[in-house]
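So this one's protein_16.txt, compact mmCIF, C-alpha atoms:
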# COMPACT_ATOMS: atom_id res chain seq x y z
CA MET A 1163 5.33 23.28 1.01
CA THR A 1164 5.74 20.89 -1.89
CA SER A 1165 3.06 18.40 -2.76
CA ASP A 1166 4.82 15.97 -5.06
CA ASN A 1167 7.68 13.49 -5.07
CA SER A 1168 10.24 15.87 -6.56
CA ASP A 1169 12.61 16.69 -3.74
CA PRO A 1170 15.36 18.86 -5.27
CA GLU A 1171 17.49 18.89 -2.12
CA ASN A 1172 17.58 15.10 -2.10
CA ALA A 1173 18.13 14.58 -5.83
CA GLY A 1174 19.72 11.21 -6.46
CA THR A 1175 18.39 9.62 -3.29
CA GLY A 1176 15.05 8.48 -4.67
CA ARG A 1177 15.94 4.86 -3.96
CA ALA A 1178 16.65 5.68 -0.30
CA ARG A 1179 13.29 7.45 -0.03
CA ARG A 1180 11.52 4.44 -1.53
CA ASP A 1181 13.43 2.12 0.84
CA PHE A 1182 12.38 4.14 3.89
CA MET A 1183 8.77 4.20 2.69
CA GLN A 1184 8.98 0.43 2.19
CA LEU A 1185 9.94 0.13 5.88
CA ALA A 1186 6.91 2.26 6.78
CA LEU A 1187 4.72 -0.03 4.67
CA ILE A 1188 6.07 -3.05 6.56
CA GLU A 1189 5.15 -1.33 9.85
CA ALA A 1190 1.67 -0.59 8.45
CA ALA A 1191 1.20 -4.27 7.55
CA ARG A 1192 2.29 -5.24 11.08
CA ALA A 1193 -0.25 -2.80 12.50
CA ALA A 1194 -2.99 -4.39 10.38
CA ALA A 1195 -1.97 -7.84 11.65
CA ARG A 1196 -2.50 -6.51 15.20
CA GLY A 1197 -5.98 -5.28 14.25
CA GLU A 1198 -4.86 -1.64 14.10
CA VAL A 1199 -5.57 0.74 11.23
CA PRO A 1200 -2.60 0.04 8.93
CA VAL A 1201 -0.46 3.14 9.20
CA GLY A 1202 3.30 2.88 9.53
CA ALA A 1203 5.97 5.49 10.08
CA VAL A 1204 9.76 5.70 10.00
CA LEU A 1205 11.87 8.60 11.32
CA VAL A 1206 15.27 9.05 9.70
CA GLN A 1207 18.31 11.17 10.52
CA ALA A 1208 21.24 11.36 8.08
CA GLY A 1209 20.16 8.14 6.36
CA THR A 1210 19.81 6.20 9.63
CA VAL A 1211 16.50 4.92 10.93
CA LEU A 1212 15.95 6.29 14.45
CA ALA A 1213 12.51 4.79 14.94
CA ALA A 1214 9.94 2.70 13.08
CA ASP A 1215 6.46 1.74 14.26
CA GLY A 1216 2.84 1.34 13.30
CA ASN A 1217 -0.41 2.44 14.88
CA ARG A 1218 -0.96 1.04 18.39
CA THR A 1219 -4.07 2.90 19.57
CA ARG A 1220 -6.04 -0.24 20.40
CA GLU A 1221 -3.12 -2.22 21.78
CA LEU A 1222 -2.11 0.58 24.15
CA ALA A 1223 -5.66 1.91 24.70
CA ASP A 1224 -4.19 5.29 23.78
CA PRO A 1225 -5.85 7.52 21.18
CA THR A 1226 -2.54 9.34 20.68
CA ALA A 1227 -0.61 6.18 19.76
CA HIS A 1228 -0.55 6.98 16.05
CA ALA A 1229 2.51 5.73 14.17
CA GLU A 1230 3.85 9.28 13.73
CA MET A 1231 3.53 10.09 17.42
CA LEU A 1232 5.26 6.87 18.43
CA VAL A 1233 8.29 7.40 16.18
CA ILE A 1234 8.62 11.06 17.18
CA ARG A 1235 8.54 10.08 20.88
CA THR A 1236 11.09 7.29 20.36
CA ALA A 1237 13.48 9.44 18.33
CA ALA A 1238 13.26 12.40 20.72
CA SER A 1239 13.97 10.10 23.67
CA ARG A 1240 16.81 8.38 21.84
CA LEU A 1241 18.43 11.70 20.90
CA GLY A 1242 17.60 13.37 24.21
CA ASN A 1243 16.11 16.33 22.38
CA ASP A 1244 12.58 17.51 21.62
CA ARG A 1245 13.82 19.25 18.46
CA LEU A 1246 14.37 16.93 15.52
CA GLY A 1247 15.19 19.53 12.89
CA ASP A 1248 17.49 17.34 10.84
CA CYS A 1249 15.07 14.40 10.71
CA ASP A 1250 12.69 13.22 8.00
CA LEU A 1251 9.41 11.36 8.55
CA TYR A 1252 8.07 8.70 6.20
CA VAL A 1253 4.45 7.77 6.86
CA THR A 1254 2.00 5.73 4.83
CA LEU A 1255 -0.99 8.03 5.34
CA GLU A 1256 -1.35 11.81 5.34
CA PRO A 1257 -0.95 12.91 8.98
CA CYS A 1258 -3.99 14.02 10.99
CA THR A 1259 -4.16 17.33 12.87
CA MET A 1260 -2.67 15.88 16.08
CA CYS A 1261 0.26 14.37 14.22
CA ALA A 1262 0.79 17.48 12.09
CA ALA A 1263 1.03 19.54 15.29
CA ALA A 1264 3.58 17.10 16.75
CA ILE A 1265 5.57 17.25 13.48
CA SER A 1266 5.61 21.03 13.71
CA PHE A 1267 6.55 21.09 17.41
CA ALA A 1268 9.36 18.58 16.80
CA ARG A 1269 10.60 20.80 13.94
CA LEU A 1270 10.91 17.88 11.52
CA ARG A 1271 12.68 18.84 8.31
CA ARG A 1272 10.63 16.84 5.81
CA VAL A 1273 7.51 14.69 5.69
CA TYR A 1274 6.97 12.09 3.00
CA TYR A 1275 3.55 10.44 2.99
CA GLY A 1276 1.87 7.80 0.87
CA ALA A 1277 -1.90 8.00 0.61
CA SER A 1278 -3.91 11.18 0.98
CA ASP A 1279 -6.62 11.23 3.63
CA PRO A 1280 -9.42 13.53 2.48
CA LYS A 1281 -11.47 12.71 5.60
CA GLY A 1282 -8.89 12.90 8.41
CA GLY A 1283 -5.74 14.34 6.88
CA ALA A 1284 -4.51 17.76 7.93
CA VAL A 1285 -1.55 18.42 5.65
CA GLU A 1286 -3.05 18.87 2.19
CA SER A 1287 -6.60 17.96 3.19
CA GLY A 1288 -8.86 19.29 5.92
CA VAL A 1289 -7.37 22.05 8.05
CA ARG A 1290 -4.07 22.18 6.12
CA PHE A 1291 -2.22 22.66 9.40
CA PHE A 1292 1.12 23.77 7.97
CA ALA A 1293 -0.56 26.47 5.86
CA GLN A 1294 -2.10 28.16 8.91
CA PRO A 1295 -0.57 31.47 10.02
CA THR A 1296 -0.39 30.15 13.58
CA CYS A 1297 1.86 27.24 12.57
CA HIS A 1298 5.36 27.97 13.90
CA HIS A 1299 7.29 25.43 11.80
CA ARG A 1300 6.43 24.12 8.35
CA PRO A 1301 8.32 21.06 7.14
CA ASP A 1302 8.81 20.38 3.47
CA VAL A 1303 6.04 17.96 2.49
CA TYR A 1304 6.10 15.41 -0.32
CA GLY A 1305 2.94 13.40 -0.92
CA GLY A 1306 2.32 10.32 -3.01
CA LEU A 1307 5.43 8.26 -2.18
CA GLY A 1308 4.18 4.66 -2.06
CA GLU A 1309 0.64 5.92 -2.52
CA ARG A 1310 -0.72 2.87 -4.32
CA GLU A 1311 0.65 0.41 -1.75
CA SER A 1312 -0.46 2.56 1.19
CA ALA A 1313 -3.97 3.00 -0.18
CA GLY A 1314 -4.17 -0.73 -0.94
CA LEU A 1315 -3.33 -1.69 2.65
CA LEU A 1316 -6.02 0.65 3.97
CA ARG A 1317 -8.60 -0.45 1.40
CA ASP A 1318 -7.99 -4.15 2.15
CA PHE A 1319 -8.09 -3.58 5.90
CA PHE A 1320 -11.41 -1.74 5.86
CA ALA A 1321 -12.95 -4.12 3.29
CA GLY A 1322 -12.25 -6.94 5.73
CA ARG A 1323 -14.07 -5.04 8.48
CA ARG A 1324 -17.29 -4.56 6.51
Now that the file is in, can you turn its structure into structure tokens?
Amino acid sequence: MTSDNSDPENAGTGRARRDFMQLALIEAARAAARGEVPVGAVLVQAGTVLAADGNRTRELADPTAHAEMLVIRTAASRLGNDRLGDCDLYVTLEPCTMCAAAISFARLRRVYYGASDPKGGAVESGVRFFAQPTCHHRPDVYGGLGERESAGLLRDFFAGRR
């Protein structure tokens, strides 16, 4: 597991990574506009966006409707396969335990996330799901992509709630 932006296998595609994270940030802003916690996710295969969405837990009255879960479901349905081993996930916030498990079960290749979540994250914070011996698949993980923008969306959202 890697915990920085240096992705040696994708050298030279830093702009594409930033562009995909920008799409995730747009989805996070849309989630905030709906009154949802502003988290957005984009699932990509071979440079093509398969799915993009933001949190919809309140809208759908579904505690599992996190952005990551929604894009994994959409992509798996679109491809007709529960294994997404050649896909990369871009998400604005460090995934929680539920989402980390779904990422592992879907066999995602890489996860890029923006802001760390010391309270609810499960990748490099909390339970560190992918580091557990019981984890069957560990994606490559790159944190901090779009971190400032992601953290700003969250900070502004919660400041408005107080």
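The smallest atom-to-atom distance between Leu1316 of chain A and any of A:Val1211, A:Ala1238, A:Cys1297, A:Ala1194, using only C-alpha atoms, is found for A:Ala1194.
Using all atoms listed in the file, the contacts of segment 1212-1218 of chain A at a cut-off of 6 Å, with sequence neighbours closer than 6 positions omitted, comprise Glu1189, Ala1190, Ala1193, Val1201, Gly1202, Ala1203, Val1204, Leu1205, Val1206, Ala1227, His1228, Ala1229, Val1233 and Ala1237 of chain A.
Shortest atom-to-atom contact with Gly1306 of chain A among A:Ala1264, A:Thr1254, A:Phe1320, A:Met1231: A:Thr1254, counting all atoms listed in the file.
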Pairwise distance, atom CA of Ala1191 of chain A with atom CA of Glu1286 of chain A, equals 24.1 Å
Compile the contact shell of Ala1208 of chain A as a ChimeraX atom specification: residues with an atom at most 9 Å away, counting all atoms listed in the file, same-chain residues fewer than 3 positions apart removed.
/A:1211,1248-1250
In terms of all atoms listed in the file, the residue from A:Asp1279, A:Glu1230, A:Asp1244, A:Glu1198 at minimal distance from Met1260 of chain A is A:Glu1230
Draw an axis-aligned box tight on the listed atoms of segment 1204-1219 of chain A, then pad every side by 8 Å and write out centre and edge lengths in Å to one decimal as JSON.
{"center_x": 8.6, "center_y": 6.2, "center_z": 13.0, "size_x": 41.3, "size_y": 26.3, "size_z": 29.2}
All residues 6 Å or closer to segment 1307-1309 of chain A, all atoms listed in the file, same chain fewer than 3 positions away omitted, as number ranges by chain
A: 1275-1277, 1312-1313
Go ahead and compute the interatomic distance for atom CA of Phe1182 of chain A and atom CA of Ser1278 of chain A, in Å to one decimal.
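Going from atom CA of Phe1182 of chain A over to atom CA of Ser1278 of chain A, I get 18.0 Å.
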d(atom CA of Arg1192 of chain A, atom CA of Thr1226 of chain A) in Å:
18.1 Å
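Residues within 10 Å of Ala1262 of chain A, counting all atoms listed in the file and excluding same-chain residues fewer than 2 positions away, are Glu1230, Met1231, Glu1256, Pro1257, Cys1258, Thr1259, Met1260, Ala1264, Ile1265, Ser1266, Phe1267, Ala1268, Val1273, Gly1283, Ala1284, Val1285, Arg1290, Phe1291, Phe1292, Cys1297, Arg1300 and Pro1301 of chain A.
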Let me make sure I understand: among A:Arg1310, A:Arg1271, A:His1298, A:Lys1281, which one has the smallest atom-to-atom distance to Gln1207 of chain A if we use all atoms listed in the file?
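Closest to Gln1207 of chain A of all the choices is A:Arg1271.
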Find the residue from A:Gly1209, A:Gly1322, A:Gly1176, A:Pro1295 that sits nearest to Leu1251 of chain A; use all atoms listed in the file when measuring.
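Selected residue with least distance to Leu1251 of chain A: A:Gly1209.
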